[in-house]
file structure_35.cif (mmCIF, C-alpha atoms)
data_structure
loop_
_atom_site.group_PDB
_atom_site.id
_atom_site.type_symbol
_atom_site.label_atom_id
_atom_site.label_comp_id
_atom_site.auth_asym_id
_atom_site.auth_seq_id
_atom_site.Cartn_x
_atom_site.Cartn_y
_atom_site.Cartn_z
ATOM 1 C CA MET A 1008 0.000 0.000 0.000
ATOM 2 C CA LYS A 1009 1.413 3.362 -1.053
ATOM 3 C CA LYS A 1010 2.118 5.747 1.796
ATOM 4 C CA SER A 1011 0.066 8.943 1.873
ATOM 5 C CA PHE A 1012 2.052 12.184 1.694
ATOM 6 C CA ARG A 1013 1.205 15.789 2.274
ATOM 7 C CA HIS A 1014 2.517 17.271 -0.941
ATOM 8 C CA PHE A 1015 2.212 21.060 -1.258
ATOM 9 C CA LEU A 1016 1.600 21.370 -4.997
ATOM 10 C CA ASN A 1017 -1.270 23.793 -5.617
ATOM 11 C CA LEU A 1018 -3.651 25.707 -3.375
ATOM 12 C CA HIS A 1019 -6.918 24.599 -4.963
ATOM 13 C CA GLU A 1020 -5.959 20.967 -4.262
ATOM 14 C CA ILE A 1021 -5.435 21.591 -0.548
ATOM 15 C CA SER A 1022 -8.384 21.927 1.814
ATOM 16 C CA LYS A 1023 -9.388 25.294 3.252
ATOM 17 C CA LYS A 1024 -8.905 23.814 6.706
ATOM 18 C CA ASP A 1025 -5.280 22.946 5.973
ATOM 19 C CA ILE A 1026 -4.538 26.301 4.343
ATOM 20 C CA ASP A 1027 -5.971 28.066 7.384
ATOM 21 C CA LEU A 1028 -3.807 25.866 9.604
ATOM 22 C CA ILE A 1029 -0.685 26.746 7.609
ATOM 23 C CA LEU A 1030 -1.513 30.452 7.846
ATOM 24 C CA LYS A 1031 -2.310 30.290 11.547
ATOM 25 C CA TYR A 1032 0.996 28.610 12.256
ATOM 26 C CA SER A 1033 2.830 31.102 10.027
ATOM 27 C CA HIS A 1034 1.654 33.926 12.290
ATOM 28 C CA ARG A 1035 2.618 31.920 15.366
ATOM 29 C CA LEU A 1036 6.094 31.191 14.020
ATOM 30 C CA LYS A 1037 6.669 34.883 13.339
ATOM 31 C CA LYS A 1038 6.425 35.522 17.059
ATOM 32 C CA ASN A 1039 8.950 32.793 17.858
ATOM 33 C CA TYR A 1040 10.524 31.612 14.619
ATOM 34 C CA LYS A 1041 13.757 30.387 16.226
ATOM 35 C CA THR A 1042 11.953 27.756 18.276
ATOM 36 C CA LYS A 1043 13.280 24.337 17.297
ATOM 37 C CA GLN A 1044 9.979 22.767 16.248
ATOM 38 C CA LEU A 1045 11.497 19.519 14.990
ATOM 39 C CA LYS A 1046 12.402 17.234 17.873
ATOM 40 C CA GLU A 1047 13.839 14.728 15.399
ATOM 41 C CA LYS A 1048 16.324 15.950 12.805
ATOM 42 C CA LYS A 1049 14.790 16.183 9.323
ATOM 43 C CA ILE A 1050 16.566 16.867 6.046
ATOM 44 C CA LEU A 1051 15.228 19.128 3.295
ATOM 45 C CA ALA A 1052 16.541 18.796 -0.261
ATOM 46 C CA ILE A 1053 16.210 21.894 -2.426
ATOM 47 C CA ILE A 1054 16.155 21.115 -6.161
ATOM 48 C CA PHE A 1055 15.872 24.333 -8.150
ATOM 49 C CA GLU A 1056 16.169 24.160 -11.935
ATOM 50 C CA LYS A 1057 15.367 27.881 -12.133
ATOM 51 C CA PRO A 1058 17.130 30.772 -10.356
ATOM 52 C CA SER A 1059 15.988 31.795 -6.897
ATOM 53 C CA THR A 1060 17.111 34.122 -4.139
ATOM 54 C CA ARG A 1061 14.305 34.670 -1.616
ATOM 55 C CA THR A 1062 12.556 31.307 -2.005
ATOM 56 C CA LYS A 1063 15.763 29.296 -1.733
ATOM 57 C CA ILE A 1064 17.169 31.278 1.205
ATOM 58 C CA SER A 1065 13.899 31.331 3.144
ATOM 59 C CA PHE A 1066 13.528 27.550 2.834
ATOM 60 C CA ASP A 1067 17.178 27.030 3.782
ATOM 61 C CA VAL A 1068 17.153 29.359 6.784
ATOM 62 C CA GLY A 1069 13.649 28.311 7.809
ATOM 63 C CA MET A 1070 14.482 24.599 7.878
ATOM 64 C CA LYS A 1071 17.671 25.169 9.846
ATOM 65 C CA LEU A 1072 15.836 27.294 12.414
ATOM 66 C CA LEU A 1073 13.339 24.444 12.823
ATOM 67 C CA ASN A 1074 16.284 22.191 13.754
ATOM 68 C CA GLY A 1075 16.551 20.573 10.330
ATOM 69 C CA ASP A 1076 19.355 20.217 7.802
ATOM 70 C CA VAL A 1077 19.395 21.270 4.149
ATOM 71 C CA VAL A 1078 21.073 19.998 0.991
ATOM 72 C CA THR A 1079 20.849 21.975 -2.244
ATOM 73 C CA LEU A 1080 21.104 20.578 -5.767
ATOM 74 C CA ASP A 1081 21.297 22.428 -9.054
ATOM 75 C CA HIS A 1082 22.642 21.680 -12.516
ATOM 76 C CA SER A 1083 26.122 22.955 -11.702
ATOM 77 C CA ASP A 1084 26.893 20.694 -8.745
ATOM 78 C CA SER A 1085 25.118 17.429 -9.529
ATOM 79 C CA GLN A 1086 24.616 14.838 -12.258
ATOM 80 C CA LEU A 1087 21.546 16.805 -13.352
ATOM 81 C CA GLY A 1088 23.815 18.914 -15.514
ATOM 82 C CA ARG A 1089 25.460 15.845 -17.053
ATOM 83 C CA GLY A 1090 22.414 14.172 -18.495
ATOM 84 C CA GLU A 1091 20.912 12.244 -15.570
ATOM 85 C CA SER A 1092 17.149 12.512 -15.593
ATOM 86 C CA LEU A 1093 15.440 14.344 -12.766
ATOM 87 C CA GLU A 1094 13.251 11.268 -12.292
ATOM 88 C CA ASP A 1095 16.270 9.065 -11.556
ATOM 89 C CA THR A 1096 17.672 11.682 -9.217
ATOM 90 C CA MET A 1097 14.336 11.885 -7.397
ATOM 91 C CA LYS A 1098 14.105 8.125 -6.836
ATOM 92 C CA VAL A 1099 17.472 8.089 -5.106
ATOM 93 C CA LEU A 1100 17.262 11.434 -3.357
ATOM 94 C CA SER A 1101 13.916 10.709 -1.731
ATOM 95 C CA SER A 1102 15.507 7.715 -0.019
ATOM 96 C CA TYR A 1103 18.090 10.024 1.574
ATOM 97 C CA VAL A 1104 15.989 12.996 2.720
ATOM 98 C CA ASP A 1105 12.666 13.671 4.429
ATOM 99 C CA ILE A 1106 11.189 16.388 2.213
ATOM 100 C CA ILE A 1107 11.941 18.075 -1.123
ATOM 101 C CA ALA A 1108 11.350 21.620 -2.394
ATOM 102 C CA TYR A 1109 11.340 21.689 -6.199
ATOM 103 C CA ARG A 1110 11.401 24.615 -8.630
ATOM 104 C CA GLY A 1111 11.199 23.992 -12.357
ATOM 105 C CA SER A 1112 9.835 25.199 -15.673
ATOM 106 C CA ASP A 1113 7.328 22.402 -16.285
ATOM 107 C CA GLU A 1114 4.399 21.845 -13.934
ATOM 108 C CA SER A 1115 3.639 18.438 -15.444
ATOM 109 C CA LYS A 1116 7.105 17.343 -14.354
ATOM 110 C CA LEU A 1117 6.322 18.449 -10.790
ATOM 111 C CA TYR A 1118 3.299 16.155 -10.688
ATOM 112 C CA LYS A 1119 5.231 13.299 -12.225
ATOM 113 C CA LEU A 1120 7.920 13.719 -9.575
ATOM 114 C CA SER A 1121 5.295 13.743 -6.832
ATOM 115 C CA GLU A 1122 4.219 10.279 -8.007
ATOM 116 C CA ILE A 1123 7.805 9.003 -7.990
ATOM 117 C CA SER A 1124 8.944 10.544 -4.727
ATOM 118 C CA THR A 1125 8.683 8.653 -1.447
ATOM 119 C CA VAL A 1126 8.724 11.899 0.573
ATOM 120 C CA PRO A 1127 6.589 15.075 0.476
ATOM 121 C CA ILE A 1128 7.263 17.579 -2.311
ATOM 122 C CA ILE A 1129 6.790 21.352 -2.135
ATOM 123 C CA ASN A 1130 6.116 23.377 -5.266
ATOM 124 C CA GLY A 1131 8.723 26.149 -5.103
ATOM 125 C CA LEU A 1132 7.496 27.589 -8.437
ATOM 126 C CA THR A 1133 6.654 26.262 -11.884
ATOM 127 C CA ASP A 1134 5.672 27.866 -15.166
ATOM 128 C CA ILE A 1135 2.035 27.557 -14.069
ATOM 129 C CA SER A 1136 1.936 28.299 -10.341
ATOM 130 C CA HIS A 1137 3.685 29.678 -7.259
ATOM 131 C CA PRO A 1138 1.587 28.651 -4.226
ATOM 132 C CA CYS A 1139 4.259 29.349 -1.591
ATOM 133 C CA GLN A 1140 4.247 32.982 -2.673
ATOM 134 C CA ILE A 1141 0.509 33.267 -2.119
ATOM 135 C CA ILE A 1142 0.703 31.887 1.423
ATOM 136 C CA ALA A 1143 3.190 34.649 2.287
ATOM 137 C CA ASP A 1144 1.026 37.222 0.484
ATOM 138 C CA ILE A 1145 -2.128 36.182 2.323
ATOM 139 C CA MET A 1146 -0.290 36.156 5.650
ATOM 140 C CA THR A 1147 0.791 39.741 4.951
ATOM 141 C CA LEU A 1148 -2.736 40.819 4.034
ATOM 142 C CA GLN A 1149 -4.098 39.198 7.188
ATOM 143 C CA GLU A 1150 -1.656 41.288 9.202
ATOM 144 C CA LYS A 1151 -2.903 44.450 7.505
ATOM 145 C CA PHE A 1152 -6.631 43.725 7.140
ATOM 146 C CA ARG A 1153 -7.199 40.803 9.572
ATOM 147 C CA SER A 1154 -9.548 39.140 7.055
ATOM 148 C CA LEU A 1155 -9.626 38.843 3.275
ATOM 149 C CA ASN A 1156 -13.430 38.784 3.238
ATOM 150 C CA ASN A 1157 -14.743 41.237 0.622
ATOM 151 C CA LEU A 1158 -11.246 42.605 0.047
ATOM 152 C CA ASN A 1159 -10.783 44.021 -3.444
ATOM 153 C CA LEU A 1160 -7.587 42.729 -5.031
ATOM 154 C CA SER A 1161 -6.411 43.893 -8.448
ATOM 155 C CA TRP A 1162 -3.775 42.038 -10.423
ATOM 156 C CA ILE A 1163 -2.369 44.358 -13.081
ATOM 157 C CA GLY A 1164 0.350 43.186 -15.466
ATOM 158 C CA ASP A 1165 1.298 39.756 -16.792
ATOM 159 C CA GLY A 1166 -1.158 36.927 -16.105
ATOM 160 C CA ASN A 1167 1.637 34.622 -14.995
ATOM 161 C CA ASN A 1168 2.187 31.814 -12.494
ATOM 162 C CA VAL A 1169 1.702 34.041 -9.434
ATOM 163 C CA CYS A 1170 -1.540 35.358 -10.900
ATOM 164 C CA ASN A 1171 -2.667 31.765 -11.517
ATOM 165 C CA SER A 1172 -2.075 30.904 -7.871
ATOM 166 C CA TRP A 1173 -4.169 33.884 -6.790
ATOM 167 C CA ILE A 1174 -6.963 32.454 -8.931
ATOM 168 C CA HIS A 1175 -6.455 29.091 -7.210
ATOM 169 C CA ALA A 1176 -6.662 30.839 -3.823
ATOM 170 C CA SER A 1177 -10.026 32.354 -4.768
ATOM 171 C CA LYS A 1178 -11.511 28.900 -4.219
ATOM 172 C CA HIS A 1179 -10.916 29.249 -0.484
ATOM 173 C CA PHE A 1180 -11.157 32.976 0.286
ATOM 174 C CA ASP A 1181 -13.956 35.507 -0.181
ATOM 175 C CA PHE A 1182 -11.938 38.256 -1.834
ATOM 176 C CA ASN A 1183 -12.797 39.877 -5.152
ATOM 177 C CA LEU A 1184 -10.094 39.567 -7.799
ATOM 178 C CA LYS A 1185 -9.857 41.821 -10.838
ATOM 179 C CA ILE A 1186 -7.249 40.926 -13.453
ATOM 180 C CA SER A 1187 -6.018 43.300 -16.139
ATOM 181 C CA CYS A 1188 -3.396 42.296 -18.713
ATOM 182 C CA PRO A 1189 -2.379 43.281 -22.237
ATOM 183 C CA PRO A 1190 -4.035 41.187 -24.976
ATOM 184 C CA GLY A 1191 -2.531 37.722 -25.145
ATOM 185 C CA ASN A 1192 -1.238 37.871 -21.583
ATOM 186 C CA PHE A 1193 -4.307 36.913 -19.558
ATOM 187 C CA PRO A 1194 -4.292 33.679 -17.543
ATOM 188 C CA ALA A 1195 -5.140 30.576 -19.559
ATOM 189 C CA ASN A 1196 -8.830 29.758 -19.896
ATOM 190 C CA LYS A 1197 -8.301 26.357 -18.292
ATOM 191 C CA ILE A 1198 -7.061 28.115 -15.141
ATOM 192 C CA LEU A 1199 -9.988 30.521 -15.101
ATOM 193 C CA LYS A 1200 -12.601 27.869 -15.852
ATOM 194 C CA SER A 1201 -11.209 25.216 -13.529
ATOM 195 C CA LEU A 1202 -12.607 26.942 -10.459
ATOM 196 C CA ASN A 1203 -15.724 28.460 -12.021
ATOM 197 C CA SER A 1204 -15.287 31.396 -9.670
ATOM 198 C CA GLY A 1205 -17.570 34.405 -10.011
ATOM 199 C CA LYS A 1206 -15.152 36.345 -7.818
ATOM 200 C CA VAL A 1207 -12.635 36.737 -10.660
ATOM 201 C CA GLU A 1208 -13.193 39.436 -13.305
ATOM 202 C CA LEU A 1209 -11.090 40.287 -16.362
ATOM 203 C CA PHE A 1210 -10.425 43.820 -17.620
ATOM 204 C CA LYS A 1211 -8.601 45.148 -20.670
ATOM 205 C CA ASN A 1212 -8.285 48.584 -19.077
ATOM 206 C CA PRO A 1213 -5.998 48.681 -15.994
ATOM 207 C CA VAL A 1214 -7.725 51.808 -14.675
ATOM 208 C CA GLU A 1215 -11.046 49.947 -14.528
ATOM 209 C CA ALA A 1216 -9.375 47.053 -12.725
ATOM 210 C CA ALA A 1217 -7.774 49.424 -10.214
ATOM 211 C CA LEU A 1218 -11.045 51.136 -9.256
ATOM 212 C CA ASP A 1219 -11.914 50.473 -5.576
ATOM 213 C CA ALA A 1220 -8.811 48.313 -5.123
ATOM 214 C CA ASP A 1221 -7.681 47.707 -1.552
ATOM 215 C CA VAL A 1222 -4.537 46.041 -2.877
ATOM 216 C CA ILE A 1223 -2.837 46.146 -6.270
ATOM 217 C CA ILE A 1224 -0.543 43.238 -7.091
ATOM 218 C CA THR A 1225 1.898 42.898 -9.947
ATOM 219 C CA ASP A 1226 5.004 41.026 -11.048
ATOM 220 C CA THR A 1227 7.786 41.479 -13.557
ATOM 221 C CA TRP A 1228 6.738 41.799 -17.180
ATOM 222 C CA VAL A 1229 9.444 39.373 -18.283
ATOM 223 C CA SER A 1230 9.370 36.073 -16.394
ATOM 224 C CA MET A 1231 12.345 33.795 -15.762
ATOM 225 C CA GLY A 1232 13.512 32.092 -18.933
ATOM 226 C CA MET A 1233 11.615 34.534 -21.149
ATOM 227 C CA LYS A 1234 13.504 36.772 -23.569
ATOM 228 C CA SER A 1235 12.766 40.472 -23.264
ATOM 229 C CA ASN A 1236 11.904 42.423 -26.386
ATOM 230 C CA PRO A 1237 10.933 46.072 -26.983
ATOM 231 C CA LYS A 1238 7.534 45.173 -28.451
ATOM 232 C CA ARG A 1239 6.520 43.231 -25.339
ATOM 233 C CA LEU A 1240 7.611 46.031 -23.019
ATOM 234 C CA LYS A 1241 5.710 48.547 -25.172
ATOM 235 C CA ASN A 1242 2.521 46.490 -24.807
ATOM 236 C CA PHE A 1243 2.837 46.643 -21.021
ATOM 237 C CA GLU A 1244 3.524 50.380 -20.649
ATOM 238 C CA LYS A 1245 -0.062 51.243 -19.684
ATOM 239 C CA PHE A 1246 0.042 48.565 -16.975
ATOM 240 C CA GLN A 1247 2.734 50.195 -14.854
ATOM 241 C CA ILE A 1248 1.856 50.665 -11.181
ATOM 242 C CA ASN A 1249 2.510 54.336 -10.494
ATOM 243 C CA ARG A 1250 1.159 57.323 -8.601
ATOM 244 C CA ASP A 1251 -1.316 58.259 -11.338
ATOM 245 C CA LEU A 1252 -2.887 54.792 -11.298
ATOM 246 C CA LEU A 1253 -3.185 54.675 -7.513
ATOM 247 C CA LYS A 1254 -4.866 58.094 -7.503
ATOM 248 C CA LYS A 1255 -7.669 56.563 -9.567
ATOM 249 C CA THR A 1256 -8.547 53.758 -7.146
ATOM 250 C CA GLY A 1257 -10.737 56.041 -5.041
ATOM 251 C CA ARG A 1258 -9.394 54.753 -1.740
ATOM 252 C CA THR A 1259 -6.217 53.952 0.197
ATOM 253 C CA THR A 1260 -4.561 51.208 -1.813
ATOM 254 C CA TYR A 1261 -1.685 48.951 -0.778
ATOM 255 C CA PHE A 1262 0.856 47.346 -3.062
ATOM 256 C CA LEU A 1263 2.319 43.831 -3.363
ATOM 257 C CA HIS A 1264 5.084 42.470 -5.583
ATOM 258 C CA CYS A 1265 6.736 39.065 -5.185
ATOM 259 C CA LEU A 1266 10.189 40.388 -6.238
ATOM 260 C CA PRO A 1267 12.555 40.745 -7.944
ATOM 261 C CA ALA A 1268 11.128 44.031 -9.225
ATOM 262 C CA HIS A 1269 12.218 45.849 -12.350
ATOM 263 C CA ARG A 1270 11.935 49.407 -11.074
ATOM 264 C CA GLY A 1271 10.772 51.836 -13.708
ATOM 265 C CA CYS A 1272 9.040 49.051 -15.633
ATOM 266 C CA GLU A 1273 6.131 47.373 -13.826
ATOM 267 C CA VAL A 1274 6.382 49.684 -10.792
ATOM 268 C CA THR A 1275 7.905 53.042 -9.939
ATOM 269 C CA ASP A 1276 10.258 53.679 -7.027
ATOM 270 C CA GLU A 1277 7.756 55.851 -5.181
ATOM 271 C CA ILE A 1278 5.210 53.025 -5.074
ATOM 272 C CA ILE A 1279 7.444 50.106 -4.119
ATOM 273 C CA ASP A 1280 9.225 52.248 -1.516
ATOM 274 C CA GLY A 1281 6.107 54.134 -0.440
ATOM 275 C CA GLU A 1282 4.256 53.991 2.863
ATOM 276 C CA ASN A 1283 1.561 51.726 1.406
ATOM 277 C CA SER A 1284 3.981 49.147 0.057
ATOM 278 C CA LEU A 1285 3.644 45.724 1.685
ATOM 279 C CA VAL A 1286 6.485 44.307 -0.400
ATOM 280 C CA TRP A 1287 9.112 44.220 2.329
ATOM 281 C CA ALA A 1288 6.762 42.869 4.993
ATOM 282 C CA GLU A 1289 5.786 40.081 2.593
ATOM 283 C CA ALA A 1290 9.417 39.304 1.792
ATOM 284 C CA GLU A 1291 10.094 38.775 5.501
ATOM 285 C CA ASN A 1292 6.937 36.725 5.917
ATOM 286 C CA ARG A 1293 8.160 34.168 3.397
ATOM 287 C CA LEU A 1294 10.444 32.781 6.072
ATOM 288 C CA TYR A 1295 7.564 32.016 8.436
ATOM 289 C CA ALA A 1296 5.220 30.863 5.659
ATOM 290 C CA HIS A 1297 7.819 28.433 4.355
ATOM 291 C CA GLN A 1298 8.547 27.140 7.847
ATOM 292 C CA SER A 1299 4.852 26.472 8.327
ATOM 293 C CA ILE A 1300 4.556 24.723 4.946
ATOM 294 C CA LEU A 1301 7.508 22.501 5.873
ATOM 295 C CA LEU A 1302 5.919 21.564 9.192
ATOM 296 C CA TRP A 1303 2.557 20.880 7.548
ATOM 297 C CA CYS A 1304 4.128 18.619 4.915
ATOM 298 C CA LEU A 1305 6.011 16.752 7.645
ATOM 299 C CA LYS A 1306 2.738 16.381 9.605
ATOM 300 C CA LYS A 1307 4.116 18.317 12.558
ATOM 301 C CA ILE A 1308 1.108 20.627 12.644
#

call {"tool": "encode", "arguments": {"input": "structure_35.cif", "output": "structure tokens"}}
result
Amino acid sequence: MKKSFRHFLNLHEISKKDIDLILKYSHRLKKNYKTKQLKEKKILAIIFEKPSTRTKISFDVGMKLLNGDVVTLDHSDSQLGRGESLEDTMKVLSSYVDIIAYRGSDESKLYKLSEISTVPIINGLTDISHPCQIIADIMTLQEKFRSLNNLNLSWIGDGNNVCNSWIHASKHFDFNLKISCPPGNFPANKILKSLNSGKVELFKNPVEAALDADVIITDTWVSMGMKSNPKRLKNFEKFQINRDLLKKTGRTTYFLHCLPAHRGCEVTDEIIDGENSLVWAEAENRLYAHQSILLWCLKKI
């Protein structure tokens, strides 16, 4: 009989009860994040096929603060860069460690690996989703607003993996989500239709999407692995988060960005560094969110 694991793959596949538990424990860990929660030593393997700064460091530091150990693999220091398949690596690695955080460019590969692995797997980002980011985002919004009920969120920019995970989160939370992207850059229909959520609206005009927004969220216009070109950047010019746009929301509006930010492109300095920016609070909260996800996957909460 195959052992049951708590994989953390996508938010819409996890129960609301478990997501609430992860968030509750994230807030608790923030108050005492150096407490050694793991009585027995556990080992986390970080396999990142795509670059990472904050996600990798927060998982590394978070696991060590929980009293765990960490090993990191990438193409430069393993057989992955010499032709060994990730599947073969996973079969062996999951016999050595207790949990794996994986970041890659193909979500279907993530799910295939979750079937092969004999330990829990955490989705550290794929081309389709970034659920860990949303846990940290929601934690940050809970600190500011207490509840997400009836909160107006506006995603303005590229309908990318982070945007997809916000759509997934709409299954569990009663916020209103407006999405505005240049033509050809909206989230895929299969993402939008999969949840059949009436809380998600699409807008061609970013000003319309920003109206009544409590929070505006964006991300870089050029995702990892994507080549930048002048035509693409030109198409996104009207989707920049700046003072003029925030003046048109009609209320006090806060700002979120998962980082890294391309200042002067998707957001101006005065917004990301302004008094209503939640960017830096969210960046810190990743540590506690990732610690909580680790503990949930290991069935320690």

call {"tool": "closest_residue", "arguments": {"input": "structure_35.cif", "among": "A:Val1229, A:Leu1120, A:Ile1029, A:Ile1064", "to": "Thr1079 of chain A", "atoms": "all atoms listed in the file"}}
result
A:Ile1064

call {"tool": "resolve_selection", "arguments": {"input": "structure_35.cif", "expression": "the PyMOL selection byres ((chain A and resi 1138) around 12)", "output": "PyMOL selection string"}}
result
chain A and resi 1014-1021+1026+1062+1110+1129-1137+1139-1145+1168-1176+1265+1293+1296-1297+1300

call {"tool": "write_last_selection", "arguments": {"input": "structure_35.cif", "atoms": "C-alpha atoms", "output": "compact mmCIF listing (two decimals), keeping the file's coordinate frame"}}
result
# COMPACT_ATOMS: atom_id res chain seq x y z
CA HIS A 1014 2.52 17.27 -0.94
CA PHE A 1015 2.21 21.06 -1.26
CA LEU A 1016 1.60 21.37 -5.00
CA ASN A 1017 -1.27 23.79 -5.62
CA LEU A 1018 -3.65 25.71 -3.38
CA HIS A 1019 -6.92 24.60 -4.96
CA GLU A 1020 -5.96 20.97 -4.26
CA ILE A 1021 -5.44 21.59 -0.55
CA ILE A 1026 -4.54 26.30 4.34
CA THR A 1062 12.56 31.31 -2.00
CA ARG A 1110 11.40 24.62 -8.63
CA ILE A 1129 6.79 21.35 -2.13
CA ASN A 1130 6.12 23.38 -5.27
CA GLY A 1131 8.72 26.15 -5.10
CA LEU A 1132 7.50 27.59 -8.44
CA THR A 1133 6.65 26.26 -11.88
CA ASP A 1134 5.67 27.87 -15.17
CA ILE A 1135 2.04 27.56 -14.07
CA SER A 1136 1.94 28.30 -10.34
CA HIS A 1137 3.68 29.68 -7.26
CA CYS A 1139 4.26 29.35 -1.59
CA GLN A 1140 4.25 32.98 -2.67
CA ILE A 1141 0.51 33.27 -2.12
CA ILE A 1142 0.70 31.89 1.42
CA ALA A 1143 3.19 34.65 2.29
CA ASP A 1144 1.03 37.22 0.48
CA ILE A 1145 -2.13 36.18 2.32
CA ASN A 1168 2.19 31.81 -12.49
CA VAL A 1169 1.70 34.04 -9.43
CA CYS A 1170 -1.54 35.36 -10.90
CA ASN A 1171 -2.67 31.76 -11.52
CA SER A 1172 -2.08 30.90 -7.87
CA TRP A 1173 -4.17 33.88 -6.79
CA ILE A 1174 -6.96 32.45 -8.93
CA HIS A 1175 -6.46 29.09 -7.21
CA ALA A 1176 -6.66 30.84 -3.82
CA CYS A 1265 6.74 39.06 -5.18
CA ARG A 1293 8.16 34.17 3.40
CA ALA A 1296 5.22 30.86 5.66
CA HIS A 1297 7.82 28.43 4.36
CA ILE A 1300 4.56 24.72 4.95

call {"tool": "atom_distance", "arguments": {"input": "structure_35.cif", "atom1": "atom CA of Lys1057 of chain A", "atom2": "atom CA of Glu1094 of chain A"}}
result
16.7 Å

call {"tool": "closest_atom_pairs", "arguments": {"input": "structure_35.cif", "of": "segment 1087-1168 of chain A", "to": "segment 1069-1072 of chain A", "cutoff": "12 Å", "atoms": "only C-alpha atoms", "output": "tab-separated table"}}
result
residue	atom	partner	partner_atom	distance
A:Asp1105	CA	A:Met1070	CA	11.6
A:Ile1106	CA	A:Met1070	CA	10.5
A:Ile1107	CA	A:Met1070	CA	11.4
A:Ala1108	CA	A:Met1070	CA	11.1

call {"tool": "write_last_selection", "arguments": {"input": "structure_35.cif", "atoms": "C-alpha atoms", "output": "mmCIF file, in the coordinates of the input"}}
result
data_model
loop_
_atom_site.group_PDB
_atom_site.id
_atom_site.type_symbol
_atom_site.label_atom_id
_atom_site.label_comp_id
_atom_site.auth_asym_id
_atom_site.auth_seq_id
_atom_site.Cartn_x
_atom_site.Cartn_y
_atom_site.Cartn_z
ATOM 1 C CA ASP A 1105 12.666 13.671 4.429
ATOM 2 C CA ILE A 1106 11.189 16.388 2.213
ATOM 3 C CA ILE A 1107 11.941 18.075 -1.123
ATOM 4 C CA ALA A 1108 11.350 21.620 -2.394
#

call {"tool": "residues_near_point", "arguments": {"input": "structure_35.cif", "point": "(-8.1, 48.0, -18.7)", "cutoff": "12 Å", "atoms": "only C-alpha atoms", "output": "short mmCIF file (atom, residue, chain, number, x, y, z; two decimals) with C-alpha atoms, in the coordinates of the input"}}
result
data_model
loop_
_atom_site.label_atom_id
_atom_site.label_comp_id
_atom_site.auth_asym_id
_atom_site.auth_seq_id
_atom_site.Cartn_x
_atom_site.Cartn_y
_atom_site.Cartn_z
CA SER A 1161 -6.41 43.89 -8.45
CA TRP A 1162 -3.78 42.04 -10.42
CA ILE A 1163 -2.37 44.36 -13.08
CA GLY A 1164 0.35 43.19 -15.47
CA LYS A 1185 -9.86 41.82 -10.84
CA ILE A 1186 -7.25 40.93 -13.45
CA SER A 1187 -6.02 43.30 -16.14
CA CYS A 1188 -3.40 42.30 -18.71
CA PRO A 1189 -2.38 43.28 -22.24
CA PRO A 1190 -4.04 41.19 -24.98
CA PHE A 1193 -4.31 36.91 -19.56
CA GLU A 1208 -13.19 39.44 -13.30
CA LEU A 1209 -11.09 40.29 -16.36
CA PHE A 1210 -10.42 43.82 -17.62
CA LYS A 1211 -8.60 45.15 -20.67
CA ASN A 1212 -8.28 48.58 -19.08
CA PRO A 1213 -6.00 48.68 -15.99
CA VAL A 1214 -7.72 51.81 -14.68
CA GLU A 1215 -11.05 49.95 -14.53
CA ALA A 1216 -9.38 47.05 -12.72
CA ALA A 1217 -7.77 49.42 -10.21
CA LEU A 1218 -11.04 51.14 -9.26
CA PHE A 1243 2.84 46.64 -21.02
CA LYS A 1245 -0.06 51.24 -19.68
CA PHE A 1246 0.04 48.56 -16.98
CA GLN A 1247 2.73 50.20 -14.85
CA LEU A 1252 -2.89 54.79 -11.30
#

call {"tool": "closest_residue", "arguments": {"input": "structure_35.cif", "among": "A:Leu1199, A:Leu1030, A:Glu1244, A:Pro1127", "to": "Lys1306 of chain A", "atoms": "all atoms listed in the file"}}
result
A:Pro1127

call {"tool": "closest_residue", "arguments": {"input": "structure_35.cif", "among": "A:Ser1092, A:Tyr1032, A:Ser1102, A:Tyr1109", "to": "Ile1054 of chain A", "atoms": "all atoms listed in the file"}}
result
A:Tyr1109

call {"tool": "closest_residue", "arguments": {"input": "structure_35.cif", "among": "A:Ser1284, A:Asn1183, A:Thr1096, A:Thr1042", "to": "Thr1260 of chain A", "atoms": "only C-alpha atoms"}}
result
A:Ser1284

call {"tool": "build_atoms", "arguments": {"input": "structure_35.cif", "residues": "segment 1249-1255 of chain A", "atoms": "N, CA and C atoms", "output": "PDB file, in the coordinates of the input"}}
result
ATOM      1  N   ASN A1249       1.904  53.050 -10.810  1.00  0.00           N
ATOM      2  CA  ASN A1249       2.510  54.336 -10.494  1.00  0.00           C
ATOM      3  C   ASN A1249       1.527  55.218  -9.731  1.00  0.00           C
ATOM      4  N   ARG A1250       1.985  56.419  -9.396  1.00  0.00           N
ATOM      5  CA  ARG A1250       1.159  57.323  -8.601  1.00  0.00           C
ATOM      6  C   ARG A1250      -0.155  57.656  -9.304  1.00  0.00           C
ATOM      7  N   ASP A1251      -0.104  57.901 -10.601  1.00  0.00           N
ATOM      8  CA  ASP A1251      -1.316  58.259 -11.338  1.00  0.00           C
ATOM      9  C   ASP A1251      -2.365  57.155 -11.258  1.00  0.00           C
ATOM     10  N   LEU A1252      -1.937  55.903 -11.370  1.00  0.00           N
ATOM     11  CA  LEU A1252      -2.887  54.792 -11.298  1.00  0.00           C
ATOM     12  C   LEU A1252      -3.496  54.691  -9.908  1.00  0.00           C
ATOM     13  N   LEU A1253      -2.670  54.804  -8.879  1.00  0.00           N
ATOM     14  CA  LEU A1253      -3.185  54.675  -7.513  1.00  0.00           C
ATOM     15  C   LEU A1253      -4.112  55.824  -7.136  1.00  0.00           C
ATOM     16  N   LYS A1254      -3.959  56.974  -7.762  1.00  0.00           N
ATOM     17  CA  LYS A1254      -4.866  58.094  -7.503  1.00  0.00           C
ATOM     18  C   LYS A1254      -6.272  57.789  -8.003  1.00  0.00           C
ATOM     19  N   LYS A1255      -6.383  56.861  -8.939  1.00  0.00           N
ATOM     20  CA  LYS A1255      -7.669  56.563  -9.567  1.00  0.00           C
ATOM     21  C   LYS A1255      -8.424  55.420  -8.887  1.00  0.00           C
TER      22      LYS A1255
END
